[in-house]
Every structure is written in C-alpha cells, then in structure tokens.
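Visitor: Take a look at the following structure, please.
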Amino acid sequence: LPASAGSSVFAFNQLASNEDGSMVIALGDQSIVYKRIDGNWTAVDSLGLSASTSLGVGYGADVFILGGFDFTNQPTGLYLFRTSDGTNWEDLEDNSDLNPNSGLDSIVFLNDIFIGSGFNSRVVFSENRGISWQTLEQGNRHRMSSFAFGGGVFYSIGEDETNGGVLVNLVSNDGKIWKVVGSDVDEDGNDITYFNSSFIIVSDGGVIRQSGLVE
C-alpha cells in the first residue's frame, strides 16, 4: 500500500474486505480512499470528497458502503456511496432517508443487516443493502463507534452526544431497537468483538473488559 500521497505522508485508519479478500477498501487521513483489487492498490479519486470529511466503510451483501460527513459543508455534509466492484460508485445520499446534516463513520454488516452511526445520526440501520436507512432510537442522541454481534445479541460502544459525550454502551436483540446498559467503568472503548461466547472491549491504557457468557 502506498505510504504517501504527493508529498504528504498520511495514515490509514479503517478498512473493509469482501469474503475472499480479493477486494479491500482502505480509508485514511484527509479523506484518502484506496482500493485493492486482486493485489493491486489504486486511489479512488472520483468521489469528490472534502479533505475535512470523517469517513467510514463496511462490507456485506456483496457491496461496500462508504459513508461520511463533510465538516466544511454543514448543514448538508452527508456523503453516502455504494460499490460492488470498487470502480463504479453509486451515490445514495438523496434517497437514503438520512439527515443531510449527519454522516456515518462507523458502518458494519452484522446478522444480515447494515448498521451505522456517526455525526448527528443516532444508530441507523438498512435492510436493503445500504440504499435507505432508518432509526428507531428516541431520546438521547448516541454516536456509536464500534459494533459486534454474537449469541443473538448486538452490542455497541460509543458516546451520548446529548449528555455531553459521556460514554455509553448499547444492546439490541435485532440491531434496530437499542437500549442503554449500565456500566460502572469510566474507560473509553476503542473496539469491541464477540469471541468464545462473550463480548470483549479494548480501551486506552491497556484496559480490556470482558462480558459474562452470552449464548
């Protein structure tokens, strides 16, 4: 993977792959998007992204979904694209039913449903391969950074934007209706996964939290 674009070195911070690894989409600083098809890396420069865009990407149901929000173009900074081949990108913004003053920078495909979250978006889901999205969340607005699924349970970690960005854990049995679960820890969560019948959260300072058995 190239280590620089022009004369500016940049870092990659998110990626998604199809099932056999023949196609990968990687996201980096300054809204850099690269694709790898059959081992060859090339830049995706046809999307017209602002360098101030917060991006997210996920893969499922044979498509990549790329979301984001352009912070220099409020209140209509929403980006939302879909591709199956990494070359042809479909712009989904207008018919997505998402708030144009929102964006998805966390996108996953879990248990046959796309789930996303990001700036001003709450937790949203799509059941038609990323074309349209909706939320059933009410009350406080949550911005979730990571999702996992296992044992019939969806679990997510993130922040409560309505309540000053305090840490929050959400749980759901369908990926659509979420409820806050109590937590007596203050450490931020950086990522979550489901492994060996429990959820594991990794945080700053070497902190690792593990749930009880979820089966």
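The way I read the labels, and the way they are meant: chains A, B, ... in the order of the structure tokens, residue 1 as the first residue of every chain, and ligand 1 as the first ligand shown, with later ones counted on from there.
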List the spatial neighbours of range 75-89 of chain A as a PyMOL selection string - criterion: any atom at most 7 Å away, only C-alpha atoms, same-chain residues fewer than 2 positions off excluded.
Guide: chain A and resi 35+62-71+73+91-93+100-103
Visitor: Those same residues, written as a compact mmCIF listing (two decimals), in the first residue's frame with C-alpha atoms?
Guide:
```txt
# COMPACT_ATOMS: atom_id res chain seq x y z
CA LYS A 35 -8.97 0.16 -3.22
CA ASP A 62 -21.87 -8.19 -1.86
CA VAL A 63 -21.48 -4.39 -1.58
CA PHE A 64 -19.22 -1.85 0.11
CA ILE A 65 -20.96 1.09 1.79
CA LEU A 66 -18.88 4.26 2.21
CA GLY A 67 -20.30 6.97 4.45
CA GLY A 68 -19.07 10.27 5.79
CA PHE A 69 -19.70 13.86 6.76
CA ASP A 70 -18.00 16.96 5.35
CA PHE A 71 -17.49 19.33 8.27
CA ASN A 73 -20.12 21.91 4.20
CA ASP A 91 -24.37 8.00 -4.86
CA LEU A 92 -27.07 7.11 -2.32
CA GLU A 93 -27.45 10.41 -0.47
CA PRO A 100 -28.32 15.67 5.32
CA ASN A 101 -26.67 17.27 8.35
CA SER A 102 -25.35 13.89 9.53
CA GLY A 103 -22.87 11.26 8.46
```
Visitor: At a cut-off of 6 Å, using only C-alpha atoms, what residues contact Thr193 in chain A? Leave out same-chain residues fewer than 4 positions from it and give the result as a PyMOL selection string.
Guide: chain A and resi 148+199-200
Visitor: How about saving the chosen residues, C-alpha atoms kept, as a compact mmCIF listing (two decimals), in the first residue's frame?
Guide:
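Result saved to part.txt:
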```
# COMPACT_ATOMS: atom_id res chain seq x y z
CA ALA A 148 -20.37 -6.52 17.48
CA PHE A 199 -18.02 -9.60 24.29
CA ILE A 200 -14.53 -8.13 24.66
```
Visitor: One decimal, in Å: what's the spacing between CA of Ser22 in chain A and CA of Asp45 in chain A?
Guide: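 Pair CA of Ser22 in chain A / CA of Asp45 in chain A returns 20.2 Å.
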Visitor: Run DSSP on the backbone and grab whatever in range 60-196 of chain A lands in strand (DSSP E); send it over as number ranges by chain.
Guide: A: 60, 63-70, 78-83, 90-91, 106-110, 113-118, 122-126, 142-150, 153-160, 166-172, 179-181, 191-195
Visitor: Looking at A:Asn173, A:Ser198, A:Asn163, A:Ser31, which one is nearest to Ser54 in chain A, with distances taken over only C-alpha atoms?
Guide: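 Nearest to Ser54 in chain A: A:Ser31.
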Visitor: Considering only C-alpha atoms, state which residue in the set A:Asn99, A:Asp160, A:Ile25, A:Arg143 is at the smallest distance from Asn40 in chain A.
Guide: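 Looking at the shortest contact to Asn40 in chain A, the residue is A:Ile25.
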